[in-house]
Amino acid sequence: MAQQIFAYIAHKDGKADDTALELEVAARKIDADASVTAIVVGSDAVCDEVAASYKEVWKIRSDAYPNAEVIRKALVSILPADAIVLVPHDTFGMDLAPGLSIKLDSAFVADVVGLEGIEDGNLKIVRQEYSGMASTHVSCDISGGAVINIRPGAFQPDESKGAGGSVVDKTGDAGDLSETTRRFLEVVEAEAGDVDITKSEILVSVGRGIEDQDNLEIINELAEAVGGDVSCSRPIVDAKWLEKARQVGTSGQTVKPKVYLALGISGSFQHMGGIKGAPYIVAVNKNAKAPIFQMADLGVVADILEFVPELAEKVNEMK
Amino acid sequence: MEILVCVKRVPDTSENEIEINKDGTDIERDDLVYSVNEWDNYAVEEAIQIRDKVGGSVTVVTVGDDESEEVLRREMAMGADKGILLSDDAFNGSDGRGIAAILKAEVEKGNYDVIFTGALADDGAGQVGGMLAAMLDYPYASLVNKIDATDDKKINVGREIEGGNQEMNEIALPCVLSIQTGINEPRYVGIRGIRKVASVEIPTHGAGDLGIAADSVGEAGAKVKCTDYFVPEMGEGAEMLEGSTDEILEELVKRLKEKGGIK
């Protein structure tokens with residue numbers, strides 16, 4: 001394959017994101033012999049850091065981040081027409097990539113979890129649909145280039161750092177990088193809640209299966225019985241039943257408890273992305289096919305509305 | 001403000017167990033409960049609230065078959081003023097880019113200040129809004145969880161980013177925004193509301209009406225195709241506790257104690 005593969009490097013506070021190394025591994029799953037070039041918009045320190053893992057690093061000196069519109073313009077200016085561009089499927093990547101694919105006139109595939117090589121000019125890709133309840137093979141015509149968004153954490157990074165790559169300054173080719181129709185104003189930090197669930201050792205976490213705000217009482221009772229704190233998945237916060245500070249997930253808190261009780265939580269990757277430190281995960285869900293059972297250590301198929309009060313009682317009895 | 005909201009009829013994953021059909025070509029669609037994509041309800045609610053504040057109208061549009069009319073009617077029952085169905089055999093098998101191209105053609109027939117999509121739908125891609133914006137050369141913001149429609153030239157929008165933080169941007173109009181859940185509380189739609197709009201005429205536009213070449217969309221124009229479906233295998237999976245409820249409870253409490261799950 002003669003097409004060049006590029007990896008968009010996400011970074012924060014002068015350090016490359018974990019996805020920087022994951023994309024490099026993903027690129028080699030597309031083509032083991034491909035030349036893979038990292039693109040860093042911003043910091044010199046990040047360029048040097050990723051040069052340990054990529055043969056070539058293209059630098060664009062700009063403080064445009066997080067303005068996806070400006071960064072898209074820069075990428076369109078420097079990328080070859082048939083480039084294969086890997087982007088982390090995070091909130092910035094979701095902002096950038098679909099429009100980038102249109103401007104490059106190339107194919108786009110979002111939230112990729114697996115890559116199975118090229119057959120007859122088509123890249124074979126694994127994705128998930130229906131909140132992770134079904135997986136699908138996708139065939140993507142990459143002949144005219146492609147933008148591929150890679151799910152963070154889906155590929156194991158290669159930490160060997162033996163690439164000894166060089167940094168090429170492409171700023172001059174990137175064109176005018178001033179803001180036009182979209183202007184970044186500020187980042188508003190999330191409000192702190194009354195409980196800091198990032199410090200909790202036991203989390204009793206509730207999801208959509210609770211069905212009604214009044215039913216939260218049974219979760220509180222179980223949390224009290226086990227001596228844990230109550231956390232939740234996104235739908236509970238969307239419904240305003242619990243405060244945002246109790247939401248576990250990539251758009252909420254990153255927690256690292258010893259034990260995580262997932263009650264009526266289906267287990268979307270956005271939710272699981274907020275659970276670190278390999279806790280012991282117990283899942284209770286009435287849907288035996290819920291993705292959470294693939295990731296939990298221990299599972300019970302049951303309706304939480306019936307099971308949780310019984311569990312609280314049993315805990316109190318056996319404590 | 002003239003607002004267009006793009007909506008989609010999807011299998012309701014909170015009501016259904018999704019299974020793969022026998023030959024793995026699709027999910028099993030018999031007996032599925034369908035509804036409006038959850039994100040789209042937030043988008044329509046937001047559009048209605050903006051209209052009620054600053055005036056204008058809300059139009060809902062979908063690419064789909066005759067059955068998709070029901071989701072348009074549902075959103076009209078919420079308060080949208082108009083519905084448009086984009087339907088043509090040539091649209092079948094469109095990838096995200098194809099859907100965006102079809103929507104673009106409809107957008108160009110109108111005079112919209114703001115176009116909303118849901119941030120995600122059943123395929124979990126979150127792609128159509130960003131593609132549509134790029135095709136129209138409109139500015140775009142994804143995962144929007146706050147909109148301050150202050151004037152008719154530009155608006156302030158908040159994007160939900162990692163860690164529950166919010167990224168504020170000023171966006172020039174016209175623009176495309178993909179709406180995240182939680183931005184508002186979508187209103188309840190009762191049977192009476194649906195009945196009220198049951199006989200409102202919903203125009204249907206096909207490829208010819210939109211001036212779309214049939215081979216540029218649908219399966220013919222798709223660079224991205226699903227070839228088969230399968231049940232995901234991730235790790236070893238949980239050890240499932242089985243037996244009577246009492247046996248399960250006893251074993252579970254024992255395990256929790258061992259693992260430090262009871263203080």
# chains A, B, ... in the order shown; residues from 1 in each chain; ligands from 1
>>> interface_residues(of="chain A", to="chain B", cutoff="6 Å", atoms="only C-alpha atoms", output="PyMOL selection string")
chain A and resi 91+95+98-99+107+110+129-130+134-141+181-190+202+226-227+238+250-253+259+293-300
>>> residues_around(residues="Ala20 of chain A", least_positions_apart="5", cutoff="8 Å", atoms="only C-alpha atoms", output="count of residues only")
5
>>> select_by_dssp(residues="segment 40-119 of chain B", states="strand (DSSP E or B)", output="list in words")
Ser57, Val58, Thr59, Val60, Val61, Thr62, Val63, Lys82, Gly83, Ile84, Leu85, Leu86, Val114, Ile115, Phe116, Thr117 and Gly118 of chain B
>>> closest_residue(among="A:Glu224, A:Gly145, A:Lys29, A:Asp111", to="Ser131 of chain A", atoms="only C-alpha atoms")
A:Asp111
>>> residues_around(residues="Val248 of chain A", least_positions_apart="4", cutoff="8 Å", atoms="only C-alpha atoms", output="PyMOL selection string")
chain A and resi 231-234+252-255+271-272+274-275
>>> write_last_selection(atoms="N, CA and C atoms", output="compact mmCIF listing (two decimals), in the first residue's frame")
# COMPACT_ATOMS: atom_id res chain seq x y z
N SER A 231 -22.84 6.46 42.93
CA SER A 231 -22.48 7.12 41.68
C SER A 231 -23.47 6.66 40.62
N CYS A 232 -23.30 7.10 39.39
CA CYS A 232 -24.31 6.77 38.39
C CYS A 232 -23.76 6.86 36.97
N SER A 233 -24.57 6.41 36.02
CA SER A 233 -24.23 6.55 34.62
C SER A 233 -24.99 7.76 34.06
N ARG A 234 -24.67 8.08 32.84
CA ARG A 234 -25.14 9.33 32.22
C ARG A 234 -26.65 9.57 32.25
N GLY A 252 -17.76 12.40 32.57
CA GLY A 252 -17.99 12.65 33.98
C GLY A 252 -16.71 12.45 34.77
N GLN A 253 -16.78 11.69 35.85
CA GLN A 253 -15.62 11.48 36.70
C GLN A 253 -14.88 10.21 36.33
N THR A 254 -13.58 10.24 36.54
CA THR A 254 -12.77 9.02 36.44
C THR A 254 -12.56 8.51 37.86
N VAL A 255 -13.02 7.29 38.11
CA VAL A 255 -12.98 6.76 39.47
C VAL A 255 -12.03 5.57 39.54
N HIS A 271 -19.03 5.01 29.57
CA HIS A 271 -19.15 4.79 31.02
C HIS A 271 -17.92 4.04 31.54
N MET A 272 -17.58 2.93 30.88
CA MET A 272 -16.47 2.10 31.36
C MET A 272 -15.15 2.86 31.29
N GLY A 274 -14.54 5.61 32.34
CA GLY A 274 -14.33 6.38 33.57
C GLY A 274 -13.94 5.51 34.75
N ILE A 275 -13.79 4.20 34.52
CA ILE A 275 -13.44 3.29 35.62
C ILE A 275 -12.00 2.83 35.43
>>> select_by_dssp(residues="segment 73-317 of chain A", states="alpha helix (DSSP H)", output="ChimeraX atom specification")
/A:73-78,91-103,216-226,234-238,269-272,292-295,304-317
>>> closest_residue(among="A:Ser62, A:Ser143, A:Gln4, A:Thr19", to="Ser35 of chain A", atoms="only C-alpha atoms")
A:Gln4
>>> residues_around(residues="Gly153 of chain A", least_positions_apart="5", cutoff="9 Å", atoms="only C-alpha atoms", output="list in words")
Asp18, Thr19, Glu22, Val113 and Gly273 of chain A
>>> write_last_selection(atoms="N, CA, C and O atoms", output="mmCIF file, in the first residue's frame")
data_model
loop_
_atom_site.group_PDB
_atom_site.id
_atom_site.type_symbol
_atom_site.label_atom_id
_atom_site.label_comp_id
_atom_site.auth_asym_id
_atom_site.auth_seq_id
_atom_site.Cartn_x
_atom_site.Cartn_y
_atom_site.Cartn_z
ATOM 1 N N ASP A 18 -2.554 9.262 26.067
ATOM 2 C CA ASP A 18 -2.327 7.816 25.898
ATOM 3 C C ASP A 18 -2.611 7.354 24.473
ATOM 4 O O ASP A 18 -2.009 6.394 23.984
ATOM 5 N N THR A 19 -3.547 8.026 23.814
ATOM 6 C CA THR A 19 -3.933 7.591 22.470
ATOM 7 C C THR A 19 -2.799 7.756 21.466
ATOM 8 O O THR A 19 -2.824 7.121 20.409
ATOM 9 N N GLU A 22 -1.377 4.473 21.041
ATOM 10 C CA GLU A 22 -2.407 3.533 20.560
ATOM 11 C C GLU A 22 -2.622 3.690 19.056
ATOM 12 O O GLU A 22 -2.800 2.715 18.331
ATOM 13 N N VAL A 113 -13.021 -0.024 16.858
ATOM 14 C CA VAL A 113 -12.449 -0.815 17.952
ATOM 15 C C VAL A 113 -11.513 -1.908 17.461
ATOM 16 O O VAL A 113 -10.784 -2.500 18.241
ATOM 17 N N GLY A 273 -15.068 3.833 30.370
ATOM 18 C CA GLY A 273 -13.858 4.644 30.229
ATOM 19 C C GLY A 273 -13.551 5.468 31.478
ATOM 20 O O GLY A 273 -12.444 5.962 31.644
#
>>> residues_around(residues="Ser216 of chain B", least_positions_apart="5", cutoff="10 Å", atoms="only C-alpha atoms", output="ChimeraX atom specification")
/B:90-91,94,97-98,101-102,221-222
>>> write_last_selection(atoms="N, CA and C atoms", output="PDB file, in the first residue's frame")
ATOM      1  N   ALA B  90     -33.523   5.199  -3.799  1.00  0.00           N
ATOM      2  CA  ALA B  90     -32.107   5.471  -4.089  1.00  0.00           C
ATOM      3  C   ALA B  90     -31.325   5.817  -2.826  1.00  0.00           C
ATOM      4  N   PHE B  91     -32.041   6.178  -1.737  1.00  0.00           N
ATOM      5  CA  PHE B  91     -31.343   6.561  -0.500  1.00  0.00           C
ATOM      6  C   PHE B  91     -30.928   5.337   0.326  1.00  0.00           C
ATOM      7  N   SER B  94     -27.340   4.224   2.240  1.00  0.00           N
ATOM      8  CA  SER B  94     -26.440   5.379   2.333  1.00  0.00           C
ATOM      9  C   SER B  94     -25.517   5.245   3.539  1.00  0.00           C
ATOM     10  N   ARG B  97     -21.987   9.879   4.960  1.00  0.00           N
ATOM     11  CA  ARG B  97     -21.775  10.917   3.968  1.00  0.00           C
ATOM     12  C   ARG B  97     -22.977  11.052   3.032  1.00  0.00           C
ATOM     13  N   GLY B  98     -23.567   9.908   2.676  1.00  0.00           N
ATOM     14  CA  GLY B  98     -24.753   9.927   1.816  1.00  0.00           C
ATOM     15  C   GLY B  98     -25.920  10.622   2.507  1.00  0.00           C
ATOM     16  N   ALA B 101     -25.349  14.260   2.524  1.00  0.00           N
ATOM     17  CA  ALA B 101     -25.561  14.854   1.200  1.00  0.00           C
ATOM     18  C   ALA B 101     -27.051  15.066   0.914  1.00  0.00           C
ATOM     19  N   ILE B 102     -27.866  14.097   1.350  1.00  0.00           N
ATOM     20  CA  ILE B 102     -29.320  14.209   1.158  1.00  0.00           C
ATOM     21  C   ILE B 102     -29.851  15.394   1.984  1.00  0.00           C
ATOM     22  N   GLY B 221     -23.309   5.054  -3.757  1.00  0.00           N
ATOM     23  CA  GLY B 221     -22.368   6.109  -3.424  1.00  0.00           C
ATOM     24  C   GLY B 221     -21.597   5.868  -2.131  1.00  0.00           C
ATOM     25  N   ALA B 222     -21.890   4.759  -1.471  1.00  0.00           N
ATOM     26  CA  ALA B 222     -21.318   4.537  -0.138  1.00  0.00           C
ATOM     27  C   ALA B 222     -19.891   4.009  -0.207  1.00  0.00           C
TER      28      ALA B 222
END
>>> atom_distance(atom1="atom CA of Gly118 of chain B", atom2="atom CA of Leu210 of chain B")
22.8 Å
>>> closest_residue(among="B:Ala207, B:Ile99, B:Val217, B:Ala77", to="Arg195 of chain B", atoms="only C-alpha atoms")
B:Ala77
>>> residues_around(residues="Thr62 of chain B", least_positions_apart="6", cutoff="7 Å", atoms="only C-alpha atoms", output="list in words")
Cys6, Val7, Lys8, Ile84, Leu85 and Leu86 of chain B
>>> closest_residue(among="A:Ile304, A:Val315, A:Ile5, A:Leu242", to="Ala32 of chain A", atoms="only C-alpha atoms")
A:Ile5
>>> closest_residue(among="B:Lys104, B:Lys82, B:Arg51, B:Lys146", to="Glu201 of chain B", atoms="only C-alpha atoms")
B:Lys82
